[in-house]
Amino acid sequence: MPLTWDQVRARRLARHYLRRPAPRDQVVDVVRAVCGIHAQVMSSAELSLGLRVSGLTRQELATELWERRRLVKTYGLRGTVHLLPSDELALWLAAFQANDRRNDARRLEYLGLTPRQMQDMVAATGAALESAERPLTRDELGTEITRRVGGWVAERNVSAFGGEWPIWMSAIGAAAQAGTLCFGPSDGTRVTFELPDRWLGPQRPIDGEEALRVVFRRYLAAYGPATHAQFAQWFAMPAPHALEVARSLGDTVEEVDVEGSLALQLAAEGTRAPMPGRSVLLLPRFDPYVVGSHPRDELIPPPAARRALATGILPKRARTGRESLVGPMPVLLVDGQVSGVWEQRRARGRVAIRVQPFVRLTADDRDALEDEARRIGGVLAEEATLSFGAITTRPHL
């Protein structure tokens, strides 16, 4: 029997621990199950995990990262900062390194770098961290890279996030995916970087192609059914390479019909899916459920996208409205679909949450959102209040 999109969304919500949060001691398993937590904006990562793990606060997450070290903060999917299980860093690094990134040449062209120049900066990054007796701040790392490679890496700038960065900073993500850099504990307000082998212990080498197969199966478990092209978009992989990986999975995956669309799922899934039920959730920017779910029309129905455009808070360059709703904006989720946006204002130990829905909410929905606001307040260790109306928060860069 075919699946319905309602069933698919119910399955995804369950796999993401959004219908029933996991116990506190399963925080690493949750990160593993959802294929990492986006942490470019650390406050969003705190909420993404806090809403999936009962009783987890931002302070307890910091303990997992910097004291227990069961989670690691590093550059991951699509070159963005993620939290990953420390015991699987080698798996993800092997998958990243095996990815046929044909857009690397285009990126180097944009940066005005030769492959050798990038290699020299990456090597200098690893050498600087290896010779240091403690984690290095960004400025300290830049000084060491400049000393090893030459003054041009500090003098040349590249556009980034609405400003300019010295060119050496373009090597940080490359060094992380080469396995020679991860984040260390913050020094006040300054981030630091450390050698993964010293921070976590030596990493066991893993075959790259096998790592890609493991990651593809993990993606299907959390976000399936999905096509190879959707996996390619999520992993920043050329679609032909993703198709090769999908074919290499053999009979561990199968095609399934979802309301007339064919997609892949793990063969063990069959037509098992939780019964769809009403769910009303508030998810932060870059929540993995939103970033990884496809097709976008089913995640963000066209009427919701049109309502988002009509708010006037999206960039003028926005084409459909979806670009800002699949990561850069905090979203209201109703039955697994983006159905509004929200914002938070924090002051004096309180957080004021304001929701702008794109659909009509019932009284029960509003009661559920009161519970959501309290949960968010719990993660932030602050008292939370809820209101409804137009928001002013704009999409993150």
# chains A, B, ... in the order shown; residues from 1 in each chain; ligands from 1

call {"tool": "closest_atom_pairs", "arguments": {"of": "segment 38-106 of chain A", "to": "segment 370-388 of chain A", "cutoff": "12 Å", "atoms": "only C-alpha atoms", "output": "JSON lines"}}
result
{"residue": "A:Ser43", "atom": "CA", "partner": "A:Leu380", "partner_atom": "CA", "distance": 9.1}
{"residue": "A:Ser44", "atom": "CA", "partner": "A:Leu380", "partner_atom": "CA", "distance": 10.9}
{"residue": "A:Ala45", "atom": "CA", "partner": "A:Val379", "partner_atom": "CA", "distance": 11.0}
{"residue": "A:Glu46", "atom": "CA", "partner": "A:Val379", "partner_atom": "CA", "distance": 7.5}
{"residue": "A:Leu47", "atom": "CA", "partner": "A:Val379", "partner_atom": "CA", "distance": 6.6}
{"residue": "A:Ser48", "atom": "CA", "partner": "A:Val379", "partner_atom": "CA", "distance": 9.8}
{"residue": "A:Leu49", "atom": "CA", "partner": "A:Val379", "partner_atom": "CA", "distance": 9.0}
{"residue": "A:Gly50", "atom": "CA", "partner": "A:Val379", "partner_atom": "CA", "distance": 5.6}
{"residue": "A:Leu51", "atom": "CA", "partner": "A:Arg375", "partner_atom": "CA", "distance": 7.1}
{"residue": "A:Arg52", "atom": "CA", "partner": "A:Arg375", "partner_atom": "CA", "distance": 10.3}
{"residue": "A:Val53", "atom": "CA", "partner": "A:Val379", "partner_atom": "CA", "distance": 9.8}
{"residue": "A:Ser54", "atom": "CA", "partner": "A:Arg375", "partner_atom": "CA", "distance": 9.2}
{"residue": "A:Gly55", "atom": "CA", "partner": "A:Val379", "partner_atom": "CA", "distance": 7.4}
{"residue": "A:Leu56", "atom": "CA", "partner": "A:Val379", "partner_atom": "CA", "distance": 6.3}
{"residue": "A:Thr57", "atom": "CA", "partner": "A:Val379", "partner_atom": "CA", "distance": 4.4}
{"residue": "A:Arg58", "atom": "CA", "partner": "A:Val379", "partner_atom": "CA", "distance": 6.1}
{"residue": "A:Gln59", "atom": "CA", "partner": "A:Leu380", "partner_atom": "CA", "distance": 8.7}
{"residue": "A:Glu60", "atom": "CA", "partner": "A:Val379", "partner_atom": "CA", "distance": 9.6}
{"residue": "A:Leu61", "atom": "CA", "partner": "A:Val379", "partner_atom": "CA", "distance": 9.9}

call {"tool": "write_last_selection", "arguments": {"atoms": "C-alpha atoms", "output": "PDB file, in the first residue's frame"}}
result
ATOM      1  CA  SER A  43      21.211  29.462  20.402  1.00  0.00           C
ATOM      2  CA  SER A  44      19.229  27.634  17.709  1.00  0.00           C
ATOM      3  CA  ALA A  45      21.158  24.419  18.359  1.00  0.00           C
ATOM      4  CA  GLU A  46      20.314  24.711  22.056  1.00  0.00           C
ATOM      5  CA  LEU A  47      16.605  24.934  21.246  1.00  0.00           C
ATOM      6  CA  SER A  48      16.693  22.214  18.567  1.00  0.00           C
ATOM      7  CA  LEU A  49      18.122  19.778  21.092  1.00  0.00           C
ATOM      8  CA  GLY A  50      16.242  21.104  24.115  1.00  0.00           C
ATOM      9  CA  LEU A  51      12.910  20.519  22.370  1.00  0.00           C
ATOM     10  CA  ARG A  52      13.907  16.926  21.554  1.00  0.00           C
ATOM     11  CA  VAL A  53      15.400  15.898  24.909  1.00  0.00           C
ATOM     12  CA  SER A  54      13.388  16.155  28.110  1.00  0.00           C
ATOM     13  CA  GLY A  55      14.899  18.487  30.660  1.00  0.00           C
ATOM     14  CA  LEU A  56      17.939  19.460  28.602  1.00  0.00           C
ATOM     15  CA  THR A  57      19.048  23.033  29.251  1.00  0.00           C
ATOM     16  CA  ARG A  58      21.638  25.111  27.477  1.00  0.00           C
ATOM     17  CA  GLN A  59      23.989  24.649  30.445  1.00  0.00           C
ATOM     18  CA  GLU A  60      23.697  20.844  30.253  1.00  0.00           C
ATOM     19  CA  LEU A  61      24.390  20.946  26.522  1.00  0.00           C
TER      20      LEU A  61
END

call {"tool": "residues_around", "arguments": {"residues": "segment 175-187 of chain A", "least_positions_apart": "3", "cutoff": "9 Å", "atoms": "only C-alpha atoms", "output": "ChimeraX atom specification"}}
result
/A:62,65-66,72-76,79,89-90,92-94,96-97,121-123,125-127,129-130,135-137,171-172,190-197,199,203

call {"tool": "select_by_dssp", "arguments": {"residues": "segment 108-289 of chain A", "states": "strand (DSSP E or B)", "output": "PyMOL selection string"}}
result
chain A and resi 136-137+157-160+163-166+182-187+190-194+226+253-258+261-266+280-283

call {"tool": "write_last_selection", "arguments": {"atoms": "C-alpha atoms", "output": "PDB file, in the first residue's frame"}}
result
ATOM      1  CA  LEU A 136      43.754  28.862  19.803  1.00  0.00           C
ATOM      2  CA  THR A 137      41.341  31.752  19.355  1.00  0.00           C
ATOM      3  CA  ASN A 157      39.801  39.829   1.946  1.00  0.00           C
ATOM      4  CA  VAL A 158      36.741  37.948   0.734  1.00  0.00           C
ATOM      5  CA  SER A 159      33.067  38.874   1.058  1.00  0.00           C
ATOM      6  CA  ALA A 160      31.247  36.857   3.716  1.00  0.00           C
ATOM      7  CA  GLY A 163      31.053  41.880   5.441  1.00  0.00           C
ATOM      8  CA  GLU A 164      34.623  40.903   4.648  1.00  0.00           C
ATOM      9  CA  TRP A 165      36.944  38.256   6.070  1.00  0.00           C
ATOM     10  CA  PRO A 166      40.680  37.773   5.591  1.00  0.00           C
ATOM     11  CA  CYS A 182      37.306  21.287  15.579  1.00  0.00           C
ATOM     12  CA  PHE A 183      35.928  23.832  18.031  1.00  0.00           C
ATOM     13  CA  GLY A 184      37.280  24.057  21.547  1.00  0.00           C
ATOM     14  CA  PRO A 185      35.644  25.716  24.568  1.00  0.00           C
ATOM     15  CA  SER A 186      35.012  29.435  24.220  1.00  0.00           C
ATOM     16  CA  ASP A 187      37.478  31.888  25.725  1.00  0.00           C
ATOM     17  CA  ARG A 190      35.808  34.278  21.591  1.00  0.00           C
ATOM     18  CA  VAL A 191      35.598  30.881  19.901  1.00  0.00           C
ATOM     19  CA  THR A 192      38.633  28.612  19.987  1.00  0.00           C
ATOM     20  CA  PHE A 193      39.881  25.785  17.792  1.00  0.00           C
ATOM     21  CA  GLU A 194      41.610  22.536  18.696  1.00  0.00           C
ATOM     22  CA  ALA A 226      13.347  10.734  -0.178  1.00  0.00           C
ATOM     23  CA  VAL A 253      16.411   0.253   0.386  1.00  0.00           C
ATOM     24  CA  GLU A 254      13.220   0.114  -1.646  1.00  0.00           C
ATOM     25  CA  GLU A 255      11.002   2.404  -3.676  1.00  0.00           C
ATOM     26  CA  VAL A 256       7.721   3.455  -2.143  1.00  0.00           C
ATOM     27  CA  ASP A 257       4.779   5.358  -3.571  1.00  0.00           C
ATOM     28  CA  VAL A 258       3.773   8.485  -1.658  1.00  0.00           C
ATOM     29  CA  SER A 261       5.544  10.162  -6.135  1.00  0.00           C
ATOM     30  CA  LEU A 262       8.253   7.499  -5.979  1.00  0.00           C
ATOM     31  CA  ALA A 263      10.972   7.825  -3.354  1.00  0.00           C
ATOM     32  CA  LEU A 264      13.407   5.644  -1.432  1.00  0.00           C
ATOM     33  CA  GLN A 265      13.043   4.349   2.077  1.00  0.00           C
ATOM     34  CA  LEU A 266      14.793   1.694   4.156  1.00  0.00           C
ATOM     35  CA  VAL A 280       1.702  22.180  17.033  1.00  0.00           C
ATOM     36  CA  LEU A 281       5.388  23.041  17.449  1.00  0.00           C
ATOM     37  CA  LEU A 282       7.757  25.993  17.477  1.00  0.00           C
ATOM     38  CA  LEU A 283      11.117  25.246  15.868  1.00  0.00           C
TER      39      LEU A 283
END

call {"tool": "residues_around", "arguments": {"residues": "segment 230-247 of chain A", "least_positions_apart": "2", "cutoff": "7 Å", "atoms": "only C-alpha atoms", "output": "JSON, numbers by chain"}}
result
{"A": [77, 78, 99, 100, 101, 213, 226, 227, 228, 249, 250, 292, 294]}

call {"tool": "atom_distance", "arguments": {"atom1": "atom CA of Ala267 of chain A", "atom2": "atom CA of Ser248 of chain A"}}
result
13.9 Å

call {"tool": "select_by_dssp", "arguments": {"residues": "segment 77-271 of chain A", "states": "alpha helix (DSSP H)", "output": "ChimeraX atom specification"}}
result
/A:89-98,104-111,115-131,138-149,152-155,170-177,196-200,208-223,228-235,239-248

call {"tool": "closest_residue", "arguments": {"among": "A:Gly150, A:Pro302, A:Gly327, A:Gly336", "to": "Pro284 of chain A", "atoms": "only C-alpha atoms"}}
result
A:Gly327

call {"tool": "residues_around", "arguments": {"residues": "Val338 of chain A", "least_positions_apart": "4", "cutoff": "8 Å", "atoms": "only C-alpha atoms", "output": "MDAnalysis selection string"}}
result
chainID A and resid 299:301 304 325 331:334

call {"tool": "write_last_selection", "arguments": {"atoms": "C-alpha atoms", "output": "PDB file, in the first residue's frame"}}
result
ATOM      1  CA  LEU A 299       6.821  20.883   3.914  1.00  0.00           C
ATOM      2  CA  ILE A 300       5.734  24.439   3.056  1.00  0.00           C
ATOM      3  CA  PRO A 301       2.367  24.483   1.241  1.00  0.00           C
ATOM      4  CA  ALA A 304       1.976  29.399   3.549  1.00  0.00           C
ATOM      5  CA  LEU A 325      11.396  29.305   5.704  1.00  0.00           C
ATOM      6  CA  VAL A 331       8.833  28.529  12.172  1.00  0.00           C
ATOM      7  CA  LEU A 332       5.493  27.380  13.510  1.00  0.00           C
ATOM      8  CA  LEU A 333       4.877  23.752  12.550  1.00  0.00           C
ATOM      9  CA  VAL A 334       1.320  22.377  12.396  1.00  0.00           C
TER      10      VAL A 334
END

call {"tool": "atom_distance", "arguments": {"atom1": "atom CA of Ala229 of chain A", "atom2": "atom CA of Arg15 of chain A"}}
result
21.3 Å

call {"tool": "atom_distance", "arguments": {"atom1": "atom CA of Arg322 of chain A", "atom2": "atom CA of Ala310 of chain A"}}
result
12.5 Å

call {"tool": "closest_atom_pairs", "arguments": {"of": "segment 239-319 of chain A", "to": "segment 5-10 of chain A", "cutoff": "7 Å", "atoms": "only C-alpha atoms", "output": "JSON lines"}}
result
{"residue": "A:Val258", "atom": "CA", "partner": "A:Trp5", "partner_atom": "CA", "distance": 6.5}
{"residue": "A:Ala273", "atom": "CA", "partner": "A:Gln7", "partner_atom": "CA", "distance": 5.8}
{"residue": "A:Pro274", "atom": "CA", "partner": "A:Ala10", "partner_atom": "CA", "distance": 5.8}
{"residue": "A:Met275", "atom": "CA", "partner": "A:Gln7", "partner_atom": "CA", "distance": 6.6}
{"residue": "A:Pro276", "atom": "CA", "partner": "A:Ala10", "partner_atom": "CA", "distance": 5.3}

call {"tool": "write_last_selection", "arguments": {"atoms": "C-alpha atoms", "output": "mmCIF file, in the first residue's frame"}}
result
data_model
loop_
_atom_site.group_PDB
_atom_site.id
_atom_site.type_symbol
_atom_site.label_atom_id
_atom_site.label_comp_id
_atom_site.auth_asym_id
_atom_site.auth_seq_id
_atom_site.Cartn_x
_atom_site.Cartn_y
_atom_site.Cartn_z
ATOM 1 C CA VAL A 258 3.773 8.485 -1.658
ATOM 2 C CA ALA A 273 4.093 4.784 10.090
ATOM 3 C CA PRO A 274 2.643 6.455 13.188
ATOM 4 C CA MET A 275 -0.970 7.463 12.941
ATOM 5 C CA PRO A 276 -1.111 11.147 11.991
#

call {"tool": "residues_around", "arguments": {"residues": "segment 29-34 of chain A", "least_positions_apart": "6", "cutoff": "10 Å", "atoms": "only C-alpha atoms", "output": "MDAnalysis selection string"}}
result
chainID A and resid 12 15:17 21:23 48:49 52:53 71 82:88 218:219 221:223 288:289 292

call {"tool": "residues_around", "arguments": {"residues": "Gly321 of chain A", "least_positions_apart": "2", "cutoff": "10 Å", "atoms": "only C-alpha atoms", "output": "list in words"}}
result
Ile300, Pro302, Ala304, Ala305, Arg306, Arg307, Ala308, Leu309, Ala310, Leu314, Pro315, Lys316, Arg317, Ala318, Arg319, Glu323, Ser324, Leu325 and Val326 of chain A

call {"tool": "closest_residue", "arguments": {"among": "A:Ser339, A:Thr4, A:Thr271, A:Thr392", "to": "Ile313 of chain A", "atoms": "only C-alpha atoms"}}
result
A:Thr392

call {"tool": "decode", "arguments": {"residues": "segment 228-318 of chain A", "atoms": "C-alpha atoms", "output": "mmCIF file, in the first residue's frame"}}
result
data_model
loop_
_atom_site.group_PDB
_atom_site.id
_atom_site.type_symbol
_atom_site.label_atom_id
_atom_site.label_comp_id
_atom_site.auth_asym_id
_atom_site.auth_seq_id
_atom_site.Cartn_x
_atom_site.Cartn_y
_atom_site.Cartn_z
ATOM 1 C CA HIS A 228 18.691 10.607 -4.340
ATOM 2 C CA ALA A 229 18.429 14.206 -5.603
ATOM 3 C CA GLN A 230 16.985 15.342 -2.268
ATOM 4 C CA PHE A 231 19.823 13.615 -0.432
ATOM 5 C CA ALA A 232 22.259 15.331 -2.796
ATOM 6 C CA GLN A 233 20.825 18.754 -1.951
ATOM 7 C CA TRP A 234 21.011 18.048 1.788
ATOM 8 C CA PHE A 235 24.576 16.693 1.620
ATOM 9 C CA ALA A 236 25.855 19.192 -0.991
ATOM 10 C CA MET A 237 26.712 16.347 -3.342
ATOM 11 C CA PRO A 238 26.424 16.232 -7.141
ATOM 12 C CA ALA A 239 23.229 14.347 -8.011
ATOM 13 C CA PRO A 240 24.992 11.752 -10.242
ATOM 14 C CA HIS A 241 27.260 10.782 -7.348
ATOM 15 C CA ALA A 242 24.261 10.525 -5.012
ATOM 16 C CA LEU A 243 22.557 8.223 -7.531
ATOM 17 C CA GLU A 244 25.634 5.975 -7.524
ATOM 18 C CA VAL A 245 25.541 5.800 -3.738
ATOM 19 C CA ALA A 246 21.798 5.031 -3.775
ATOM 20 C CA ARG A 247 22.300 2.183 -6.248
ATOM 21 C CA SER A 248 25.119 0.769 -4.117
ATOM 22 C CA LEU A 249 22.696 0.324 -1.211
ATOM 23 C CA GLY A 250 21.125 -2.642 -2.982
ATOM 24 C CA ASP A 251 18.173 -4.328 -1.338
ATOM 25 C CA THR A 252 18.609 -2.449 1.947
ATOM 26 C CA VAL A 253 16.411 0.253 0.386
ATOM 27 C CA GLU A 254 13.220 0.114 -1.646
ATOM 28 C CA GLU A 255 11.002 2.404 -3.676
ATOM 29 C CA VAL A 256 7.721 3.455 -2.143
ATOM 30 C CA ASP A 257 4.779 5.358 -3.571
ATOM 31 C CA VAL A 258 3.773 8.485 -1.658
ATOM 32 C CA GLU A 259 0.591 9.833 -3.219
ATOM 33 C CA GLY A 260 1.903 9.186 -6.722
ATOM 34 C CA SER A 261 5.544 10.162 -6.135
ATOM 35 C CA LEU A 262 8.253 7.499 -5.979
ATOM 36 C CA ALA A 263 10.972 7.825 -3.354
ATOM 37 C CA LEU A 264 13.407 5.644 -1.432
ATOM 38 C CA GLN A 265 13.043 4.349 2.077
ATOM 39 C CA LEU A 266 14.793 1.694 4.156
ATOM 40 C CA ALA A 267 13.490 -1.724 3.162
ATOM 41 C CA ALA A 268 12.679 -2.571 6.764
ATOM 42 C CA GLU A 269 10.188 0.325 6.971
ATOM 43 C CA GLY A 270 7.424 -1.183 4.850
ATOM 44 C CA THR A 271 4.245 0.824 5.277
ATOM 45 C CA ARG A 272 4.703 1.207 9.039
ATOM 46 C CA ALA A 273 4.093 4.784 10.090
ATOM 47 C CA PRO A 274 2.643 6.455 13.188
ATOM 48 C CA MET A 275 -0.970 7.463 12.941
ATOM 49 C CA PRO A 276 -1.111 11.147 11.991
ATOM 50 C CA GLY A 277 -2.252 13.270 14.896
ATOM 51 C CA ARG A 278 -2.459 16.959 15.665
ATOM 52 C CA SER A 279 0.865 18.503 16.583
ATOM 53 C CA VAL A 280 1.702 22.180 17.033
ATOM 54 C CA LEU A 281 5.388 23.041 17.449
ATOM 55 C CA LEU A 282 7.757 25.993 17.477
ATOM 56 C CA LEU A 283 11.117 25.246 15.868
ATOM 57 C CA PRO A 284 14.167 27.544 15.862
ATOM 58 C CA ARG A 285 16.181 28.725 12.892
ATOM 59 C CA PHE A 286 17.966 25.979 10.960
ATOM 60 C CA ASP A 287 16.190 23.160 12.759
ATOM 61 C CA PRO A 288 17.229 19.874 11.106
ATOM 62 C CA TYR A 289 13.623 18.740 10.537
ATOM 63 C CA VAL A 290 12.954 21.778 8.349
ATOM 64 C CA VAL A 291 16.330 21.881 6.580
ATOM 65 C CA GLY A 292 16.280 18.196 5.625
ATOM 66 C CA SER A 293 12.618 17.556 4.751
ATOM 67 C CA HIS A 294 11.497 17.255 1.126
ATOM 68 C CA PRO A 295 9.654 17.875 -1.110
ATOM 69 C CA ARG A 296 9.377 21.517 -0.191
ATOM 70 C CA ASP A 297 5.786 21.826 -1.441
ATOM 71 C CA GLU A 298 4.745 19.261 1.174
ATOM 72 C CA LEU A 299 6.821 20.883 3.914
ATOM 73 C CA ILE A 300 5.734 24.439 3.056
ATOM 74 C CA PRO A 301 2.367 24.483 1.241
ATOM 75 C CA PRO A 302 2.110 27.216 -1.413
ATOM 76 C CA PRO A 303 -0.462 29.230 0.609
ATOM 77 C CA ALA A 304 1.976 29.399 3.549
ATOM 78 C CA ALA A 305 4.772 30.569 1.251
ATOM 79 C CA ARG A 306 2.520 33.285 -0.174
ATOM 80 C CA ARG A 307 1.542 34.420 3.325
ATOM 81 C CA ALA A 308 5.229 34.601 4.255
ATOM 82 C CA LEU A 309 5.961 36.823 1.252
ATOM 83 C CA ALA A 310 3.034 39.071 2.144
ATOM 84 C CA THR A 311 4.454 39.788 5.630
ATOM 85 C CA GLY A 312 7.105 42.084 4.155
ATOM 86 C CA ILE A 313 9.807 40.720 6.484
ATOM 87 C CA LEU A 314 11.470 38.534 3.849
ATOM 88 C CA PRO A 315 14.291 39.887 1.662
ATOM 89 C CA LYS A 316 13.227 41.616 -1.550
ATOM 90 C CA ARG A 317 15.219 39.030 -3.491
ATOM 91 C CA ALA A 318 13.011 36.223 -2.133
#
